[in-house]
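Novice: One structure, pasted below without further comment.
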Amino acid sequence: MKDPHSVLYLLAFLLIFAAMWVIFIKLGRQADKYDERQEINRGKAFKAGFVTVCIWELLYYAAELFGVAIPAEGGLMAICGILAGLCVFAVRSVFTDAYIPINRRSNLTVVPLLAISFMDITVGVSNIIDGKLITDGRLNCHAATLFVGIILLIVGLTCLIRKLTLKNAEAED
């Protein structure tokens, strides 16, 4: 193995995968239930995410057309556009209470998000240390892992913030 931390990454991945597998099997017996308000808000969040991806891609292609130097490979830019759309969808869904089904607890959503985020950011930082992120002065697809970790961290923190604001609102009532 080239990377001395490969075994640790594999063990961390297997541990997180096993924990998530148990959680999803335990929860998989019941179908997710959303009320009408949640369905409407999820549709609006999906639309906002889709528009974000479209705008990202249009801006990228316009920059390419006009010769603007972008310090990232084209494939990475496409991945980042999709990640931006997913982030907008998830954050908007969380803040409109449309992200977590009414028959689920939010704790079981936040913990896997933060665990996977930590793992992705760790791999991304390892790629930075090993010098794998830049090829010919441009970010390459090795940076995608770091970006996925950052997006998952944003979504996980958004879930925690929403949970705390709802808890504070309940305490005030």
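Identifiers for the structure tokens are assigned positionally: chains receive A, B, ... in sequence, residues are indexed from 1 per chain, and ligands are indexed from 1 in the order shown.
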Could you give me the residues within segment 24-171 of chain A that DSSP places in strand (DSSP E or B), as a list in words?
Specialist: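 In segment 24-171 of chain A, DSSP puts these residues in strand (DSSP E or B): Ala72, Ile134, Thr135, Arg138 and Leu139 of chain A.
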Novice: Neighbouring residues of segment 124-127 of chain A were defined as those with any atom within 10 Å, considering only C-alpha atoms; residues of the same chain fewer than 6 positions away were excluded. Please report them as a PDB file with all heavy atoms, in the first residue's frame.
Specialist:
```pdb
ATOM      1  N   ASP A   3      -0.078   4.501   0.708  1.00  0.00           N
ATOM      2  CA  ASP A   3      -0.368   5.410   1.808  1.00  0.00           C
ATOM      3  C   ASP A   3      -0.336   4.637   3.128  1.00  0.00           C
ATOM      4  O   ASP A   3      -1.060   3.654   3.289  1.00  0.00           O
ATOM      5  CB  ASP A   3      -1.752   6.044   1.598  1.00  0.00           C
ATOM      6  CG  ASP A   3      -2.074   7.122   2.612  1.00  0.00           C
ATOM      7  OD1 ASP A   3      -1.189   7.471   3.415  1.00  0.00           O
ATOM      8  OD2 ASP A   3      -3.209   7.620   2.588  1.00  0.00           O
ATOM      9  N   HIS A   5      -1.597   5.367   5.839  1.00  0.00           N
ATOM     10  CA  HIS A   5      -2.856   5.517   6.552  1.00  0.00           C
ATOM     11  C   HIS A   5      -4.001   4.755   5.880  1.00  0.00           C
ATOM     12  O   HIS A   5      -5.135   4.832   6.333  1.00  0.00           O
ATOM     13  CB  HIS A   5      -3.234   6.999   6.662  1.00  0.00           C
ATOM     14  CG  HIS A   5      -2.215   7.795   7.423  1.00  0.00           C
ATOM     15  ND1 HIS A   5      -1.316   8.609   6.785  1.00  0.00           N
ATOM     16  CD2 HIS A   5      -1.952   7.873   8.741  1.00  0.00           C
ATOM     17  CE1 HIS A   5      -0.544   9.181   7.691  1.00  0.00           C
ATOM     18  NE2 HIS A   5      -0.895   8.744   8.884  1.00  0.00           N
ATOM     19  N   PHE A 118     -16.583  13.912   8.403  1.00  0.00           N
ATOM     20  CA  PHE A 118     -15.272  13.832   9.044  1.00  0.00           C
ATOM     21  C   PHE A 118     -14.336  12.929   8.247  1.00  0.00           C
ATOM     22  O   PHE A 118     -13.168  13.259   8.032  1.00  0.00           O
ATOM     23  CB  PHE A 118     -15.419  13.316  10.479  1.00  0.00           C
ATOM     24  CG  PHE A 118     -14.113  13.095  11.172  1.00  0.00           C
ATOM     25  CD1 PHE A 118     -13.350  14.167  11.617  1.00  0.00           C
ATOM     26  CD2 PHE A 118     -13.639  11.809  11.366  1.00  0.00           C
ATOM     27  CE1 PHE A 118     -12.132  13.958  12.251  1.00  0.00           C
ATOM     28  CE2 PHE A 118     -12.426  11.593  11.998  1.00  0.00           C
ATOM     29  CZ  PHE A 118     -11.668  12.672  12.442  1.00  0.00           C
ATOM     30  N   LEU A 133      -3.784  17.139  -4.907  1.00  0.00           N
ATOM     31  CA  LEU A 133      -4.909  17.981  -5.311  1.00  0.00           C
ATOM     32  C   LEU A 133      -4.650  18.826  -6.559  1.00  0.00           C
ATOM     33  O   LEU A 133      -5.593  19.211  -7.240  1.00  0.00           O
ATOM     34  CB  LEU A 133      -5.302  18.923  -4.164  1.00  0.00           C
ATOM     35  CG  LEU A 133      -6.548  18.563  -3.384  1.00  0.00           C
ATOM     36  CD1 LEU A 133      -6.522  17.188  -2.834  1.00  0.00           C
ATOM     37  CD2 LEU A 133      -6.823  19.582  -2.345  1.00  0.00           C
ATOM     38  N   ILE A 134      -3.401  19.115  -6.850  1.00  0.00           N
ATOM     39  CA  ILE A 134      -3.108  20.042  -7.943  1.00  0.00           C
ATOM     40  C   ILE A 134      -2.286  19.332  -9.015  1.00  0.00           C
ATOM     41  O   ILE A 134      -1.273  18.696  -8.726  1.00  0.00           O
ATOM     42  CB  ILE A 134      -2.360  21.281  -7.419  1.00  0.00           C
ATOM     43  CG1 ILE A 134      -3.259  22.022  -6.431  1.00  0.00           C
ATOM     44  CG2 ILE A 134      -1.932  22.189  -8.560  1.00  0.00           C
ATOM     45  CD1 ILE A 134      -2.630  23.223  -5.779  1.00  0.00           C
ATOM     46  N   HIS A 142      -9.218  14.852  -7.211  1.00  0.00           N
ATOM     47  CA  HIS A 142      -8.929  14.452  -5.834  1.00  0.00           C
ATOM     48  C   HIS A 142      -9.520  15.455  -4.838  1.00  0.00           C
ATOM     49  O   HIS A 142      -9.753  15.115  -3.677  1.00  0.00           O
ATOM     50  CB  HIS A 142      -7.420  14.337  -5.602  1.00  0.00           C
ATOM     51  CG  HIS A 142      -6.805  13.133  -6.233  1.00  0.00           C
ATOM     52  ND1 HIS A 142      -7.002  11.862  -5.748  1.00  0.00           N
ATOM     53  CD2 HIS A 142      -6.010  12.994  -7.322  1.00  0.00           C
ATOM     54  CE1 HIS A 142      -6.346  10.997  -6.498  1.00  0.00           C
ATOM     55  NE2 HIS A 142      -5.743  11.666  -7.459  1.00  0.00           N
ATOM     56  N   ALA A 143      -9.769  16.673  -5.293  1.00  0.00           N
ATOM     57  CA  ALA A 143     -10.356  17.695  -4.423  1.00  0.00           C
ATOM     58  C   ALA A 143     -11.836  17.421  -4.161  1.00  0.00           C
ATOM     59  O   ALA A 143     -12.401  17.957  -3.207  1.00  0.00           O
ATOM     60  CB  ALA A 143     -10.179  19.075  -5.041  1.00  0.00           C
ATOM     61  N   ALA A 144     -12.460  16.599  -4.988  1.00  0.00           N
ATOM     62  CA  ALA A 144     -13.895  16.319  -4.833  1.00  0.00           C
ATOM     63  C   ALA A 144     -14.201  15.722  -3.465  1.00  0.00           C
ATOM     64  O   ALA A 144     -15.232  16.044  -2.858  1.00  0.00           O
ATOM     65  CB  ALA A 144     -14.384  15.397  -5.944  1.00  0.00           C
ATOM     66  N   THR A 145     -13.321  14.872  -2.962  1.00  0.00           N
ATOM     67  CA  THR A 145     -13.549  14.260  -1.652  1.00  0.00           C
ATOM     68  C   THR A 145     -13.622  15.330  -0.565  1.00  0.00           C
ATOM     69  O   THR A 145     -14.493  15.282   0.303  1.00  0.00           O
ATOM     70  CB  THR A 145     -12.424  13.264  -1.322  1.00  0.00           C
ATOM     71  OG1 THR A 145     -12.303  12.335  -2.386  1.00  0.00           O
ATOM     72  CG2 THR A 145     -12.709  12.515  -0.041  1.00  0.00           C
ATOM     73  N   LEU A 146     -12.718  16.285  -0.627  1.00  0.00           N
ATOM     74  CA  LEU A 146     -12.724  17.375   0.343  1.00  0.00           C
ATOM     75  C   LEU A 146     -14.005  18.201   0.218  1.00  0.00           C
ATOM     76  O   LEU A 146     -14.634  18.542   1.221  1.00  0.00           O
ATOM     77  CB  LEU A 146     -11.494  18.267   0.147  1.00  0.00           C
ATOM     78  CG  LEU A 146     -11.343  19.430   1.116  1.00  0.00           C
ATOM     79  CD1 LEU A 146     -11.192  18.936   2.543  1.00  0.00           C
ATOM     80  CD2 LEU A 146     -10.147  20.281   0.718  1.00  0.00           C
ATOM     81  N   PHE A 147     -14.412  18.476  -1.019  1.00  0.00           N
ATOM     82  CA  PHE A 147     -15.626  19.264  -1.226  1.00  0.00           C
ATOM     83  C   PHE A 147     -16.872  18.522  -0.746  1.00  0.00           C
ATOM     84  O   PHE A 147     -17.781  19.124  -0.177  1.00  0.00           O
ATOM     85  CB  PHE A 147     -15.767  19.677  -2.697  1.00  0.00           C
ATOM     86  CG  PHE A 147     -14.691  20.608  -3.172  1.00  0.00           C
ATOM     87  CD1 PHE A 147     -14.275  20.584  -4.488  1.00  0.00           C
ATOM     88  CD2 PHE A 147     -14.075  21.501  -2.312  1.00  0.00           C
ATOM     89  CE1 PHE A 147     -13.286  21.440  -4.928  1.00  0.00           C
ATOM     90  CE2 PHE A 147     -13.080  22.357  -2.739  1.00  0.00           C
ATOM     91  CZ  PHE A 147     -12.679  22.333  -4.063  1.00  0.00           C
ATOM     92  N   VAL A 148     -16.929  17.214  -0.971  1.00  0.00           N
ATOM     93  CA  VAL A 148     -18.060  16.416  -0.472  1.00  0.00           C
ATOM     94  C   VAL A 148     -18.102  16.485   1.050  1.00  0.00           C
ATOM     95  O   VAL A 148     -19.162  16.663   1.654  1.00  0.00           O
ATOM     96  CB  VAL A 148     -17.976  14.950  -0.960  1.00  0.00           C
ATOM     97  CG1 VAL A 148     -18.949  14.062  -0.214  1.00  0.00           C
ATOM     98  CG2 VAL A 148     -18.228  14.871  -2.452  1.00  0.00           C
ATOM     99  N   GLY A 149     -16.945  16.368   1.677  1.00  0.00           N
ATOM    100  CA  GLY A 149     -16.880  16.464   3.132  1.00  0.00           C
ATOM    101  C   GLY A 149     -17.360  17.805   3.642  1.00  0.00           C
ATOM    102  O   GLY A 149     -18.081  17.892   4.635  1.00  0.00           O
ATOM    103  N   ILE A 150     -16.965  18.870   2.959  1.00  0.00           N
ATOM    104  CA  ILE A 150     -17.392  20.211   3.364  1.00  0.00           C
ATOM    105  C   ILE A 150     -18.898  20.375   3.192  1.00  0.00           C
ATOM    106  O   ILE A 150     -19.581  20.913   4.076  1.00  0.00           O
ATOM    107  CB  ILE A 150     -16.610  21.286   2.583  1.00  0.00           C
ATOM    108  CG1 ILE A 150     -15.133  21.267   3.010  1.00  0.00           C
ATOM    109  CG2 ILE A 150     -17.214  22.670   2.786  1.00  0.00           C
ATOM    110  CD1 ILE A 150     -14.215  22.083   2.123  1.00  0.00           C
TER     111      ILE A 150
END
```
Novice: Could you please determine the separation between atom CA of Tyr34 of chain A and atom CA of Cys80 of chain A in Å, to one decimal place?
Specialist: 29.2 Å
Novice: What separation in Å, quoted to one decimal, exists between atom CA of Ala45 of chain A and atom CA of Ser93 of chain A?
Specialist: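 Here the two named atoms are 5.8 Å from each other.
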Novice: I'd like to know which of A:Thr109, A:Thr52, A:Asn140, A:Thr122 is closest to Cys87 of chain A, using only C-alpha atoms.
Specialist: A:Thr52
Novice: Find, counting only C-alpha atoms, the residue in A:Glu73, A:Glu36, A:Asp130, A:Glu64 that gets nearest to Asp97 of chain A.
Specialist: A:Glu36
Novice: Set the distance at 9 Å and use only C-alpha atoms: which residues neighbour segment 157-162 of chain A once local chain neighbours fewer than 4 positions away are removed? I'd like the list as a short mmCIF file (atom, residue, chain, number, x, y, z; two decimals) with all heavy atoms, in the first residue's frame.
Specialist:
```cif
data_model
loop_
_atom_site.label_atom_id
_atom_site.label_comp_id
_atom_site.auth_asym_id
_atom_site.auth_seq_id
_atom_site.Cartn_x
_atom_site.Cartn_y
_atom_site.Cartn_z
N ALA A 90 -30.59 20.46 0.20
CA ALA A 90 -30.60 19.96 1.58
C ALA A 90 -30.79 21.08 2.59
O ALA A 90 -31.61 20.96 3.51
CB ALA A 90 -29.31 19.19 1.86
N VAL A 91 -30.06 22.17 2.43
CA VAL A 91 -30.16 23.27 3.40
C VAL A 91 -31.55 23.88 3.38
O VAL A 91 -32.16 24.13 4.43
CB VAL A 91 -29.07 24.33 3.14
CG1 VAL A 91 -29.30 25.60 3.94
CG2 VAL A 91 -27.69 23.76 3.46
N VAL A 94 -33.95 21.49 5.06
CA VAL A 94 -33.80 21.49 6.52
C VAL A 94 -34.48 22.70 7.13
O VAL A 94 -35.23 22.58 8.11
CB VAL A 94 -32.31 21.43 6.93
CG1 VAL A 94 -32.13 21.72 8.41
CG2 VAL A 94 -31.71 20.08 6.57
N PHE A 95 -34.25 23.88 6.57
CA PHE A 95 -34.80 25.09 7.17
C PHE A 95 -36.31 25.23 6.97
O PHE A 95 -36.94 26.03 7.64
CB PHE A 95 -34.07 26.34 6.67
CG PHE A 95 -32.80 26.58 7.42
CD1 PHE A 95 -31.59 26.61 6.76
CD2 PHE A 95 -32.80 26.78 8.80
CE1 PHE A 95 -30.41 26.82 7.45
CE2 PHE A 95 -31.63 26.99 9.49
CZ PHE A 95 -30.42 27.01 8.82
N ASP A 97 -38.22 22.48 7.31
CA ASP A 97 -38.68 21.26 7.98
C ASP A 97 -39.19 20.19 7.01
O ASP A 97 -40.10 19.44 7.32
CB ASP A 97 -39.78 21.58 9.00
CG ASP A 97 -39.27 22.42 10.14
OD1 ASP A 97 -38.10 22.22 10.52
OD2 ASP A 97 -40.03 23.26 10.64
N TYR A 99 -36.88 18.09 5.39
CA TYR A 99 -35.77 17.16 5.17
C TYR A 99 -35.97 15.84 5.89
O TYR A 99 -35.70 14.78 5.35
CB TYR A 99 -34.47 17.83 5.64
CG TYR A 99 -33.23 17.09 5.26
CD1 TYR A 99 -32.88 16.91 3.94
CD2 TYR A 99 -32.39 16.55 6.23
CE1 TYR A 99 -31.74 16.24 3.58
CE2 TYR A 99 -31.23 15.88 5.89
CZ TYR A 99 -30.91 15.72 4.57
OH TYR A 99 -29.78 15.05 4.23
N SER A 106 -34.37 13.13 14.14
CA SER A 106 -33.30 13.84 13.45
C SER A 106 -31.92 13.38 13.88
O SER A 106 -30.95 13.52 13.12
CB SER A 106 -33.43 15.34 13.67
OG SER A 106 -33.30 15.65 15.03
N ASN A 107 -31.77 12.81 15.06
CA ASN A 107 -30.46 12.34 15.53
C ASN A 107 -29.87 11.30 14.58
O ASN A 107 -28.68 11.25 14.36
CB ASN A 107 -30.56 11.73 16.92
CG ASN A 107 -30.95 12.73 17.96
OD1 ASN A 107 -30.94 13.92 17.72
ND2 ASN A 107 -31.31 12.25 19.13
N THR A 109 -30.17 11.15 11.50
CA THR A 109 -29.77 11.74 10.24
C THR A 109 -28.47 12.52 10.41
O THR A 109 -27.60 12.47 9.57
CB THR A 109 -30.87 12.68 9.72
OG1 THR A 109 -32.07 11.94 9.56
CG2 THR A 109 -30.49 13.28 8.39
N VAL A 110 -28.34 13.23 11.51
CA VAL A 110 -27.20 14.10 11.73
C VAL A 110 -25.92 13.31 11.97
O VAL A 110 -24.87 13.63 11.42
CB VAL A 110 -27.48 15.07 12.91
CG1 VAL A 110 -26.26 15.89 13.24
CG2 VAL A 110 -28.66 15.96 12.58
N LEU A 114 -22.38 13.78 9.81
CA LEU A 114 -21.16 14.31 10.41
C LEU A 114 -20.03 13.28 10.39
O LEU A 114 -18.87 13.63 10.18
CB LEU A 114 -21.44 14.79 11.83
CG LEU A 114 -22.37 16.01 11.93
CD1 LEU A 114 -22.64 16.36 13.38
CD2 LEU A 114 -21.82 17.20 11.17
N LEU A 152 -21.20 17.98 3.22
CA LEU A 152 -21.87 17.18 4.25
C LEU A 152 -21.76 17.84 5.61
O LEU A 152 -22.70 17.78 6.41
CB LEU A 152 -21.30 15.76 4.29
CG LEU A 152 -21.64 14.87 3.10
CD1 LEU A 152 -20.92 13.54 3.21
CD2 LEU A 152 -23.13 14.67 2.97
N LEU A 153 -20.63 18.48 5.89
CA LEU A 153 -20.48 19.21 7.15
C LEU A 153 -21.47 20.37 7.21
O LEU A 153 -22.12 20.59 8.24
CB LEU A 153 -19.04 19.72 7.29
CG LEU A 153 -18.73 20.49 8.57
CD1 LEU A 153 -18.88 19.58 9.78
CD2 LEU A 153 -17.32 21.06 8.50
N LEU A 166 -35.32 24.87 17.00
CA LEU A 166 -36.64 24.32 17.34
C LEU A 166 -36.72 24.01 18.83
O LEU A 166 -37.76 24.25 19.46
CB LEU A 166 -36.91 23.04 16.53
CG LEU A 166 -37.19 23.24 15.05
CD1 LEU A 166 -37.30 21.89 14.35
CD2 LEU A 166 -38.43 24.07 14.82
N LYS A 167 -35.64 23.51 19.42
CA LYS A 167 -35.62 23.22 20.85
C LYS A 167 -35.76 24.50 21.65
O LYS A 167 -36.49 24.55 22.65
CB LYS A 167 -34.32 22.50 21.23
CG LYS A 167 -34.30 22.00 22.65
CD LYS A 167 -32.98 21.31 22.97
CE LYS A 167 -33.14 19.85 22.62
NZ LYS A 167 -31.97 19.06 23.07
#
```
Novice: Quick one, how far is atom CA of Gly85 of chain A from atom CA of Asn41 of chain A?
Specialist: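 Separation between atom CA of Gly85 of chain A and atom CA of Asn41 of chain A: 15.6 Å.
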Novice: So which one's closest to Leu139 of chain A, A:Gly156, A:Ala169, A:Leu76, A:Ile82? Using only C-alpha atoms, please.
Specialist: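 Residue with the minimum atom-to-atom distance to Leu139 of chain A: A:Leu76.
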